[in-house]
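Engineer: Below is the file run.txt, with compact mmCIF, C-alpha atoms.
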# COMPACT_ATOMS: atom_id res chain seq x y z
CA MET A 7 0.00 0.00 0.00
CA VAL A 8 1.70 3.15 -1.22
CA ASP A 9 1.57 6.28 0.89
CA ILE A 10 0.54 9.17 -1.42
CA VAL A 11 0.94 12.73 -0.22
CA VAL A 12 -0.38 15.60 -2.34
CA MET A 13 1.55 18.83 -1.86
CA LYS A 14 1.68 22.30 -3.29
CA ALA A 15 4.93 24.18 -3.76
CA VAL A 16 5.60 26.64 -0.95
CA THR A 17 7.24 29.84 -2.07
CA THR A 18 8.79 30.70 1.27
CA ASP A 19 12.53 30.40 1.82
CA ASN A 20 13.49 27.06 0.26
CA GLN A 21 17.00 27.19 1.69
CA ALA A 22 15.71 27.38 5.28
CA HIS A 23 13.69 24.21 4.73
CA ALA A 24 16.67 22.55 3.01
CA ASP A 25 18.80 23.35 6.06
CA ALA A 26 16.13 21.81 8.29
CA VAL A 27 16.06 18.64 6.18
CA ARG A 28 19.85 18.41 6.36
CA ARG A 29 19.79 18.73 10.16
CA ILE A 30 17.25 15.92 10.49
CA LEU A 31 19.27 13.66 8.17
CA ASP A 32 22.55 14.44 9.96
CA LYS A 33 21.05 13.84 13.39
CA ASN A 34 20.04 10.37 12.20
CA ARG A 35 23.30 9.72 10.28
CA VAL A 36 21.29 9.25 7.11
CA VAL A 37 22.69 10.23 3.70
CA GLY A 38 20.33 12.23 1.47
CA LEU A 39 20.53 11.95 -2.32
CA ASN A 40 18.58 14.04 -4.85
CA LEU A 41 18.17 12.39 -8.27
CA VAL A 42 17.53 14.80 -11.14
CA SER A 43 16.85 14.00 -14.82
CA SER A 44 14.49 14.32 -17.76
CA PRO A 45 11.39 12.13 -17.80
CA GLY A 46 12.28 8.54 -18.57
CA ALA A 47 16.05 8.78 -18.07
CA GLY A 48 15.92 5.72 -15.83
CA LYS A 49 15.89 7.02 -12.25
CA THR A 50 13.34 4.51 -10.94
CA THR A 51 14.84 1.60 -12.85
CA LEU A 52 18.30 2.35 -11.44
CA LEU A 53 16.86 2.53 -7.92
CA GLU A 54 14.99 -0.76 -8.33
CA ARG A 55 18.18 -2.52 -9.37
CA THR A 56 20.25 -0.78 -6.68
CA ILE A 57 17.82 -1.86 -3.95
CA LYS A 58 17.70 -5.46 -5.17
CA ASP A 59 21.49 -5.75 -5.59
CA ASN A 60 22.35 -4.19 -2.20
CA PRO A 61 20.36 -5.69 0.65
CA ASP A 62 22.94 -4.31 3.09
CA LEU A 63 22.13 -0.72 2.12
CA LYS A 64 19.03 0.45 3.95
CA ILE A 65 17.38 2.74 1.44
CA ALA A 66 14.07 4.59 1.50
CA VAL A 67 12.82 6.53 -1.51
CA ILE A 68 10.73 9.69 -1.67
CA GLU A 69 9.15 9.62 -5.13
CA GLY A 70 8.26 12.95 -6.71
CA ASP A 71 5.72 12.91 -9.51
CA ILE A 72 3.09 15.30 -10.75
CA PHE A 73 0.51 12.51 -10.78
CA THR A 74 0.37 8.71 -10.21
CA ALA A 75 1.89 6.44 -7.60
CA ARG A 76 3.50 4.09 -10.11
CA ASP A 77 7.08 4.78 -9.14
CA ALA A 78 6.54 4.33 -5.39
CA ALA A 79 4.76 1.05 -6.12
CA ARG A 80 7.78 -0.08 -8.16
CA ILE A 81 10.18 0.83 -5.33
CA GLU A 82 8.09 -1.03 -2.76
CA ALA A 83 7.95 -4.06 -5.05
CA ALA A 84 11.76 -3.91 -5.21
CA GLY A 85 11.83 -4.18 -1.43
CA ALA A 86 12.32 -0.67 -0.04
CA PRO A 87 9.96 1.69 1.78
CA SER A 88 8.72 4.58 -0.34
CA ILE A 89 6.58 7.69 -0.05
CA GLN A 90 4.89 9.07 -3.15
CA LEU A 91 4.64 12.85 -3.39
CA ASN A 92 2.21 14.18 -6.00
CA THR A 93 2.59 17.85 -6.88
CA GLU A 94 -0.46 17.92 -9.21
CA GLY A 95 1.23 20.24 -11.65
CA ALA A 96 4.27 21.71 -9.88
CA CYS A 97 7.40 21.05 -11.89
CA HIS A 98 9.89 20.36 -9.08
CA LEU A 99 10.01 19.31 -5.44
CA THR A 100 10.69 21.85 -2.70
CA ALA A 101 12.59 21.31 0.55
CA SER A 102 9.43 22.09 2.50
CA MET A 103 7.75 19.01 0.98
CA ILE A 104 10.68 16.81 2.03
CA GLU A 105 10.73 18.28 5.53
CA GLN A 106 7.04 17.44 5.93
CA VAL A 107 7.30 13.80 4.90
CA LEU A 108 10.62 12.85 6.53
CA PRO A 109 8.95 11.98 9.88
CA ARG A 110 7.02 9.22 8.08
CA LEU A 111 10.28 7.31 7.52
CA ASN A 112 12.07 5.24 10.14
CA LEU A 113 15.27 7.26 9.92
CA ALA A 114 16.98 5.44 12.78
CA GLU A 115 17.17 2.31 10.65
CA LEU A 116 18.06 3.89 7.30
CA ASP A 117 21.37 4.52 5.53
CA PHE A 118 19.91 6.53 2.66
CA VAL A 119 16.92 8.69 1.85
CA VAL A 120 16.87 8.95 -1.93
CA ILE A 121 14.66 11.68 -3.35
CA GLU A 122 13.61 11.00 -6.91
CA ASN A 123 12.75 14.43 -8.23
CA ILE A 124 10.08 15.27 -10.84
CA GLY A 125 11.22 14.32 -14.36
CA ASN A 126 12.49 17.71 -15.46
CA LEU A 127 16.00 18.76 -16.43
CA ILE A 128 15.35 22.44 -15.68
CA CYS A 129 13.36 23.50 -12.62
CA PRO A 130 14.63 21.03 -9.96
CA ALA A 131 18.19 22.32 -10.41
CA GLY A 132 17.35 25.55 -8.59
CA PHE A 133 15.80 23.94 -5.50
CA PRO A 134 18.17 22.20 -3.08
CA LEU A 135 16.27 19.73 -0.91
CA GLY A 136 18.78 19.35 1.92
CA GLU A 137 20.50 16.48 0.14
CA HIS A 138 24.16 15.64 0.76
CA LYS A 139 24.76 14.69 -2.85
CA ARG A 140 22.97 15.53 -6.06
CA VAL A 141 23.00 12.92 -8.81
CA THR A 142 22.04 14.00 -12.34
CA LEU A 143 21.18 11.33 -14.90
CA LEU A 144 21.43 11.78 -18.66
CA SER A 145 20.20 8.89 -20.80
CA THR A 146 21.98 8.25 -24.07
CA PRO A 147 18.84 8.63 -26.28
CA GLU A 148 18.44 12.22 -25.06
CA GLY A 149 21.53 13.10 -27.08
CA SER A 150 25.09 14.25 -26.50
CA ASP A 151 24.28 17.98 -26.59
CA LYS A 152 22.32 18.21 -23.34
CA VAL A 153 25.07 19.39 -20.97
CA GLN A 154 25.43 22.70 -22.81
CA LYS A 155 21.68 23.06 -23.31
CA TYR A 156 20.71 22.37 -19.67
CA PRO A 157 23.82 23.42 -17.75
CA LEU A 158 22.18 24.04 -14.36
CA ALA A 159 21.27 20.36 -13.98
CA PHE A 160 24.88 19.40 -14.62
CA ASN A 161 26.93 22.09 -12.92
CA THR A 162 25.16 21.47 -9.58
CA ALA A 163 25.70 17.68 -9.71
CA ASP A 164 28.10 15.72 -7.51
CA VAL A 165 27.77 12.63 -9.69
CA ILE A 166 26.62 12.43 -13.30
CA LEU A 167 25.36 9.08 -14.54
CA ILE A 168 25.09 8.43 -18.28
CA THR A 169 22.31 5.83 -18.37
CA LYS A 170 21.09 3.38 -21.02
CA THR A 171 24.60 2.92 -22.38
CA ASP A 172 23.44 -0.42 -23.83
CA ILE A 173 21.71 1.53 -26.62
CA ALA A 174 24.37 4.26 -26.95
CA ASP A 175 25.48 3.09 -30.40
CA ALA A 176 21.91 2.69 -31.68
CA VAL A 177 21.19 6.34 -30.81
CA SER A 178 24.62 7.67 -31.94
CA PHE A 179 25.49 8.96 -28.48
CA ASP A 180 28.92 10.62 -28.35
CA MET A 181 30.42 10.49 -24.86
CA THR A 182 33.34 12.71 -25.87
CA VAL A 183 30.94 15.64 -26.41
CA VAL A 184 29.53 15.21 -22.89
CA GLU A 185 33.02 14.98 -21.38
CA LYS A 186 34.18 18.07 -23.24
CA ASP A 187 31.08 20.11 -22.28
CA LEU A 188 31.37 19.04 -18.63
CA LYS A 189 34.98 20.21 -18.50
CA GLY A 190 33.63 23.68 -19.23
CA ILE A 191 30.93 23.82 -16.55
CA ASN A 192 31.72 21.20 -13.87
CA PRO A 193 35.32 20.05 -14.34
CA LYS A 194 35.52 18.20 -11.01
CA VAL A 195 32.87 15.66 -12.07
CA GLU A 196 33.57 12.94 -14.60
CA PRO A 197 30.45 11.20 -15.99
CA TRP A 198 29.97 7.52 -15.17
CA ARG A 199 28.47 5.17 -17.75
CA VAL A 200 25.80 2.82 -16.40
CA SER A 201 23.32 0.34 -17.80
CA VAL A 202 20.88 -1.75 -15.82
CA VAL A 203 20.54 -3.98 -18.89
CA THR A 204 24.21 -4.95 -19.25
CA GLY A 205 25.25 -4.06 -15.70
CA GLU A 206 27.94 -1.69 -16.98
CA GLY A 207 29.19 0.67 -14.29
CA LEU A 208 26.91 -0.54 -11.51
CA ASP A 209 29.88 -1.76 -9.41
CA ARG A 210 31.32 1.77 -9.35
CA TRP A 211 27.94 3.27 -8.44
CA TYR A 212 27.48 0.73 -5.63
CA ARG A 213 31.03 1.34 -4.32
CA TRP A 214 30.29 5.05 -4.21
CA LEU A 215 27.07 4.48 -2.25
CA ASN A 216 28.80 2.13 0.19
CA GLY A 217 31.51 4.75 0.73
CA LEU A 218 28.89 7.30 1.78
CA LYS A 219 27.27 5.13 4.50
CA ARG A 220 27.44 6.71 7.93
CA LYS A 221 26.37 3.84 10.15
CA MET B 28 24.45 33.42 -38.99
CA VAL B 29 21.85 32.56 -36.36
CA ASP B 30 19.73 35.30 -34.86
CA ILE B 31 19.80 34.84 -31.06
CA VAL B 32 17.30 36.72 -28.91
CA VAL B 33 17.56 36.58 -25.12
CA MET B 34 14.23 36.98 -23.36
CA LYS B 35 12.82 36.84 -19.88
CA ALA B 36 9.40 35.39 -19.12
CA VAL B 37 6.73 38.07 -18.77
CA THR B 38 4.13 37.30 -16.15
CA THR B 39 1.42 39.49 -17.64
CA ASP B 40 -1.59 37.95 -19.32
CA ASN B 41 -0.20 35.17 -21.53
CA GLN B 42 -3.54 34.59 -23.24
CA ALA B 43 -3.70 38.19 -24.49
CA HIS B 44 -0.31 37.79 -26.13
CA ALA B 45 -1.33 34.39 -27.52
CA ASP B 46 -4.39 36.03 -29.08
CA ALA B 47 -2.16 38.70 -30.62
CA VAL B 48 0.15 36.05 -32.10
CA ARG B 49 -2.83 34.20 -33.55
CA ARG B 50 -4.13 37.39 -35.18
CA ILE B 51 -0.76 38.06 -36.83
CA LEU B 52 -0.54 34.47 -38.11
CA ASP B 53 -4.13 34.51 -39.40
CA LYS B 54 -3.67 37.85 -41.14
CA ASN B 55 -0.74 36.31 -43.04
CA ARG B 56 -2.46 32.94 -43.58
CA VAL B 57 0.40 31.24 -41.74
CA VAL B 58 -0.15 28.08 -39.66
CA GLY B 59 1.43 28.10 -36.19
CA LEU B 60 2.59 24.86 -34.58
CA ASN B 61 3.88 24.46 -31.00
CA LEU B 62 6.12 21.41 -30.49
CA VAL B 63 6.31 20.16 -26.89
CA SER B 64 8.40 17.30 -25.48
CA SER B 65 11.03 16.20 -23.01
CA PRO B 66 14.67 17.07 -23.78
CA GLY B 67 16.01 14.88 -26.56
CA ALA B 68 12.69 13.46 -27.79
CA GLY B 69 13.66 14.39 -31.34
CA LYS B 70 11.92 17.69 -32.08
CA THR B 71 14.82 19.26 -33.98
CA THR B 72 15.68 16.06 -35.83
CA LEU B 73 12.08 15.67 -37.02
CA LEU B 74 12.05 19.30 -38.20
CA GLU B 75 15.36 18.90 -40.05
CA ARG B 76 13.99 15.90 -41.92
CA THR B 77 10.61 17.57 -42.54
CA ILE B 78 12.26 20.66 -44.03
CA LYS B 79 14.56 18.63 -46.28
CA ASP B 80 11.80 16.29 -47.48
CA ASN B 81 9.25 19.06 -48.19
CA PRO B 82 10.73 21.88 -50.25
CA ASP B 83 7.20 22.98 -51.16
CA LEU B 84 6.33 23.72 -47.52
CA LYS B 85 7.67 27.13 -46.55
CA ILE B 86 8.60 26.64 -42.91
CA ALA B 87 10.32 28.94 -40.43
CA VAL B 88 11.28 27.75 -36.95
CA ILE B 89 11.41 29.65 -33.67
CA GLU B 90 13.81 27.64 -31.49
CA GLY B 91 13.30 27.85 -27.74
CA ASP B 92 16.26 26.87 -25.57
CA ILE B 93 17.55 27.94 -22.21
CA PHE B 94 21.03 28.35 -23.62
CA THR B 95 22.90 27.72 -26.91
CA ALA B 96 22.01 28.35 -30.54
CA ARG B 97 22.68 24.77 -31.66
CA ASP B 98 19.16 23.97 -32.73
CA ALA B 99 18.64 27.10 -34.80
CA ALA B 100 21.97 26.43 -36.53
CA ARG B 101 20.75 22.89 -37.34
CA ILE B 102 17.48 24.24 -38.79
CA GLU B 103 19.29 26.79 -40.93
CA ALA B 104 21.66 24.09 -42.17
CA ALA B 105 18.58 22.08 -43.15
CA GLY B 106 17.46 24.98 -45.31
CA ALA B 107 14.86 26.96 -43.33
CA PRO B 108 14.99 30.35 -41.62
CA SER B 109 15.20 30.15 -37.84
CA ILE B 110 15.26 32.43 -34.81
CA GLN B 111 16.87 31.21 -31.62
CA LEU B 112 15.26 32.31 -28.37
CA ASN B 113 17.34 31.85 -25.23
CA THR B 114 15.44 32.10 -21.94
CA GLU B 115 18.59 31.80 -19.76
CA GLY B 116 16.82 29.68 -17.18
CA ALA B 117 13.08 30.02 -17.84
CA CYS B 118 11.53 26.60 -18.35
CA HIS B 119 9.00 27.41 -21.08
CA LEU B 120 8.29 29.95 -23.81
CA THR B 121 5.60 32.59 -23.36
CA ALA B 122 3.34 34.08 -26.03
CA SER B 123 4.89 37.49 -25.39
CA MET B 124 8.27 36.16 -26.57
CA ILE B 125 6.69 34.85 -29.78
CA GLU B 126 4.83 38.10 -30.39
CA GLN B 127 8.09 40.03 -30.12
CA VAL B 128 10.04 37.92 -32.61
CA LEU B 129 7.34 37.28 -35.24
CA PRO B 130 8.09 40.55 -37.11
CA ARG B 131 11.60 39.22 -37.82
CA LEU B 132 10.12 36.54 -40.08
CA ASN B 133 8.91 37.10 -43.63
CA LEU B 134 5.37 35.92 -42.90
CA ALA B 135 4.03 36.81 -46.34
CA GLU B 136 6.14 34.03 -47.84
CA LEU B 137 5.65 31.38 -45.17
CA ASP B 138 3.23 28.47 -44.78
CA PHE B 139 4.27 27.51 -41.26
CA VAL B 140 5.84 29.04 -38.19
CA VAL B 141 6.93 26.10 -36.05
CA ILE B 142 7.76 26.92 -32.45
CA GLU B 143 10.07 24.37 -30.88
CA ASN B 144 9.43 24.81 -27.17
CA ILE B 145 11.95 24.32 -24.35
CA GLY B 146 12.63 20.61 -23.70
CA ASN B 147 10.23 20.12 -20.80
CA LEU B 148 7.18 17.88 -20.55
CA ILE B 149 5.59 19.95 -17.77
CA CYS B 150 5.71 23.75 -17.85
CA PRO B 151 5.12 24.50 -21.58
CA ALA B 152 1.73 22.73 -21.42
CA GLY B 153 0.21 25.62 -19.47
CA PHE B 154 1.30 28.39 -21.84
CA PRO B 155 -0.47 28.61 -25.20
CA LEU B 156 1.64 30.54 -27.70
CA GLY B 157 -1.07 31.43 -30.20
CA GLU B 158 -0.44 28.25 -32.16
CA HIS B 159 -3.17 26.65 -34.29
CA LYS B 160 -2.05 23.13 -33.42
CA ARG B 161 -0.04 21.70 -30.57
CA VAL B 162 2.13 18.68 -31.30
CA THR B 163 3.46 16.67 -28.35
CA LEU B 164 6.30 14.22 -28.93
CA LEU B 165 7.05 11.19 -26.75
CA SER B 166 10.16 9.21 -27.61
CA THR B 167 10.07 5.46 -27.03
CA PRO B 168 13.09 5.39 -24.65
CA GLU B 169 11.21 7.68 -22.24
CA GLY B 170 8.91 4.78 -21.48
CA SER B 171 5.29 3.78 -21.96
CA ASP B 172 4.08 5.30 -18.66
CA LYS B 173 4.52 8.97 -19.49
CA VAL B 174 0.98 9.83 -20.59
CA GLN B 175 -0.41 9.20 -17.11
CA LYS B 176 2.58 10.80 -15.40
CA TYR B 177 2.57 14.01 -17.49
CA PRO B 178 -1.08 14.31 -18.58
CA LEU B 179 -1.10 18.06 -19.29
CA ALA B 180 1.37 17.68 -22.14
CA PHE B 181 -0.85 15.06 -23.73
CA ASN B 182 -4.40 16.22 -23.06
CA THR B 183 -3.69 19.61 -24.69
CA ALA B 184 -2.17 18.07 -27.84
CA ASP B 185 -3.81 18.01 -31.28
CA VAL B 186 -1.29 15.47 -32.56
CA ILE B 187 0.87 13.08 -30.56
CA LEU B 188 3.97 11.69 -32.22
CA ILE B 189 5.67 8.62 -30.79
CA THR B 190 9.25 9.15 -31.96
CA LYS B 191 12.30 6.87 -32.22
CA THR B 192 10.13 3.87 -33.00
CA ASP B 193 13.19 2.25 -34.59
CA ILE B 194 14.48 1.48 -31.08
CA ALA B 195 11.06 0.71 -29.53
CA ASP B 196 11.85 -2.99 -29.09
CA ALA B 197 15.30 -2.35 -27.65
CA VAL B 198 13.77 -0.15 -24.92
CA SER B 199 10.69 -2.39 -24.36
CA PHE B 200 8.26 0.35 -25.33
CA ASP B 201 4.63 -0.76 -25.15
CA MET B 202 2.40 1.25 -27.49
CA THR B 203 -0.77 -0.36 -26.08
CA VAL B 204 -0.15 1.33 -22.70
CA VAL B 205 0.10 4.74 -24.38
CA GLU B 206 -3.04 4.12 -26.42
CA LYS B 207 -4.96 2.99 -23.34
CA ASP B 208 -3.82 5.96 -21.23
CA LEU B 209 -4.64 8.41 -24.03
CA LYS B 210 -8.19 7.05 -24.28
CA GLY B 211 -8.62 8.22 -20.69
CA ILE B 212 -7.37 11.79 -21.10
CA ASN B 213 -7.51 12.74 -24.79
CA PRO B 214 -9.67 10.19 -26.62
CA LYS B 215 -9.92 12.21 -29.84
CA VAL B 216 -6.19 11.89 -30.52
CA GLU B 217 -4.58 8.67 -31.67
CA PRO B 218 -0.76 8.59 -31.40
CA TRP B 219 1.23 8.36 -34.62
CA ARG B 220 4.43 6.33 -34.72
CA VAL B 221 7.35 8.04 -36.47
CA SER B 222 11.04 7.39 -36.99
CA VAL B 223 13.45 9.59 -38.90
CA VAL B 224 15.81 6.60 -39.05
CA THR B 225 13.47 4.14 -40.80
CA GLY B 226 11.08 6.75 -42.20
CA GLU B 227 8.09 5.09 -40.46
CA GLY B 228 5.06 7.36 -40.31
CA LEU B 229 6.64 10.36 -42.01
CA ASP B 230 4.23 10.16 -44.96
CA ARG B 231 1.28 10.58 -42.60
CA TRP B 232 2.93 13.51 -40.81
CA TYR B 233 3.70 15.20 -44.13
CA ARG B 234 0.14 14.66 -45.40
CA TRP B 235 -1.19 16.26 -42.22
CA LEU B 236 1.09 19.29 -42.66
CA ASN B 237 0.11 19.67 -46.33
CA GLY B 238 -3.55 19.56 -45.34
CA LEU B 239 -3.05 22.50 -42.99
CA LYS B 240 -1.50 24.81 -45.59
CA ARG B 241 -3.49 28.02 -46.10
CA LYS B 242 -1.88 29.45 -49.23
Would you write the structure of this file as structure tokens?
Structural biologist:
Amino acid sequence: MVDIVVMKAVTTDNQAHADAVRRILDKNRVVGLNLVSSPGAGKTTLLERTIKDNPDLKIAVIEGDIFTARDAARIEAAGAPSIQLNTEGACHLTASMIEQVLPRLNLAELDFVVIENIGNLICPAGFPLGEHKRVTLLSTPEGSDKVQKYPLAFNTADVILITKTDIADAVSFDMTVVEKDLKGINPKVEPWRVSVVTGEGLDRWYRWLNGLKRK
Amino acid sequence: MVDIVVMKAVTTDNQAHADAVRRILDKNRVVGLNLVSSPGAGKTTLLERTIKDNPDLKIAVIEGDIFTARDAARIEAAGAPSIQLNTEGACHLTASMIEQVLPRLNLAELDFVVIENIGNLICPAGFPLGEHKRVTLLSTPEGSDKVQKYPLAFNTADVILITKTDIADAVSFDMTVVEKDLKGINPKVEPWRVSVVTGEGLDRWYRWLNGLKRK
């Protein structure tokens, strides 16, 4: 049974709510991640696989969607607790929304709270949610030119995952363009190739998550 | 040489500006199209192919992007005039922006003004631009569940193009889910499958465009 919470965006100071979220996470030694991407870049699929492959990582997922509870249902089926936020039109999550739903999770027993943002490569970039790390996904069929076209999603990322690399050749994806564009706007981050179909790059992603654990 | 115009979103009455755009188009017997999709769904690629395959259709393109002039350069290379709008952060085009740039086009000699909106499946849906027809694109790698998750982009569309059908099998795209979901929110519109790689469905798209011509 998925817990659906309908919320409107609050226009008050987002940073104050983000700071509050961070304090709650830190107090409980929980790592917060904020996943940002276009619709259909593979956020939920990556989380499903990550949860199944890593029973030792205690992960809960806050699913942000405009409508539907499909993604939270998928996460719960994969074996992790999940809360579905529905914004009913709003194009990004706000820290206030996260602050309000955090008490519904059993933080004492969690390693990670992963926030899957609304599928949108633009608006979420400007709203920190109190996360410790921001992960931006770019799927190969979206094209190699997206770093320059949507720089805010990429220059605020701590990790950049290039997803669906199994079909990279079929969609003529050119990784060298992404690497070159990233050097211009976020030179400290090197993109990681991943595929949940072939398993490419998942070991690196899992090692990174394990390195972040705080308890 | 691409004409780049930087514009901020105006929060005054969008509908009034949309009405003004429509009047200008009608006066010149020009058809306005508004193309909406996620980033990388294939809007520019479809327009490139459409322009090259249809020398008898006089098309101009207003390219909406947050940053860069790449898409307008691609359109001009394909043989059509183009104006690049850069919103520098704003997540959708407004009718006011279109009204301001229309005089730069030679409307007397055009059949179509195609507005390629910002790559965003959420925010553009709420801002009519004075277009006669709205075309929403969904690319197969985005997944079959997007109609229910982003209904506003689909229930305001006059035509829905399912793009990149050449890789539909590789990404396990299920057209029956899209058709079923559309029956619930926009039953008058049946999605058309297209691929610029195999050419699937382009004849139907071109026939539709030719049927809209007003001079």
Engineer: Enter the distance from atom CA of B:Cys150 to atom CA of B:Ala117, in Å, rounded to one decimal.
Structural biologist: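 Answer for the atom CA of B:Cys150 to atom CA of B:Ala117 separation: 9.7 Å.
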Engineer: Pick out the closest residue to chain B from this set: A:Asp180, A:Glu94, A:Asp172, A:Glu148. Count all atoms listed in the file.
Structural biologist: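 Closest residue, counting all atoms listed in the file: A:Glu148.
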Engineer: Dump as a list in words the residues of chain A that approach chain B to within 8 Å, counting only C-alpha atoms.
Structural biologist: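 In the required form, that comes to Ser44, Pro45, Gly46, Ala47, Asp71, Ile72, Phe73, Thr74, Gly95, Cys97, Asn126, Leu127, Ile128, Cys129, Pro147, Glu148, Gly149, Lys152, Gln154, Lys155, Tyr156, Ile173 and Ala176 of chain A.
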Engineer: Box for stretch 76-86 of chain A: with edges along x, y and z, all listed atoms inside and 5 Å added on each side, what are the centre and edge lengths in Å to one decimal, as lines of an AutoDock Vina configuration file?
Structural biologist:
center_x = 7.9
center_y = 0.3
center_z = -5.1
size_x = 18.8
size_y = 19.0
size_z = 20.1
Engineer: Around the point (27.2, 13.5, -8.3) in the file's coordinates, collect all residues with an atom within 10 Å, using all atoms listed in the file, and return them as an MDAnalysis selection string.
Structural biologist: chainID A and resid 39:41 138:143 160:167 194:198 214
Engineer: Please provide as a PyMOL selection string all residues within 7 Å of A:Lys219, with the sequence filter that same-chain residues fewer than 2 positions apart are discarded (counting only C-alpha atoms).
Structural biologist: chain A and resi 37+117+215-217+221
Engineer: For B:Gly228, find every residue with an atom within 10 Å (counting only C-alpha atoms), except residues of its own chain fewer than 4 positions away, and show them as an MDAnalysis selection string.
Structural biologist: chainID B and resid 188:190 192 219:223 232:233
Engineer: Taking (15.9, 19.5, -5.5) as a centre in this file's frame and 6 Å as the limit, can you find every polymer residue with an atom that close, using all atoms listed in the file, and give them as a list of chain:residue names?
Structural biologist: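 The distance filter leaves exactly A:Leu99, A:Pro130, A:Phe133, A:Pro134, A:Leu135.
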Engineer: How many Å separate atom CA of B:Gly59 from atom CA of B:Pro214?
Structural biologist: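 Between atom CA of B:Gly59 and atom CA of B:Pro214 the gap works out to 23.1 Å.
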Engineer: What is the atom CA of A:Gly205-atom CA of A:Pro61 distance in Å, reported with one decimal?
Structural biologist: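 Result for atom CA of A:Gly205 versus atom CA of A:Pro61: 17.1 Å, one decimal.
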Engineer: For A:Arg55, which residue out of A:Leu208, A:Val11, A:Met181, A:Leu91 is the nearest one, using only C-alpha atoms?
Structural biologist: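 Counting only C-alpha atoms, the residue closest to A:Arg55 is A:Leu208.
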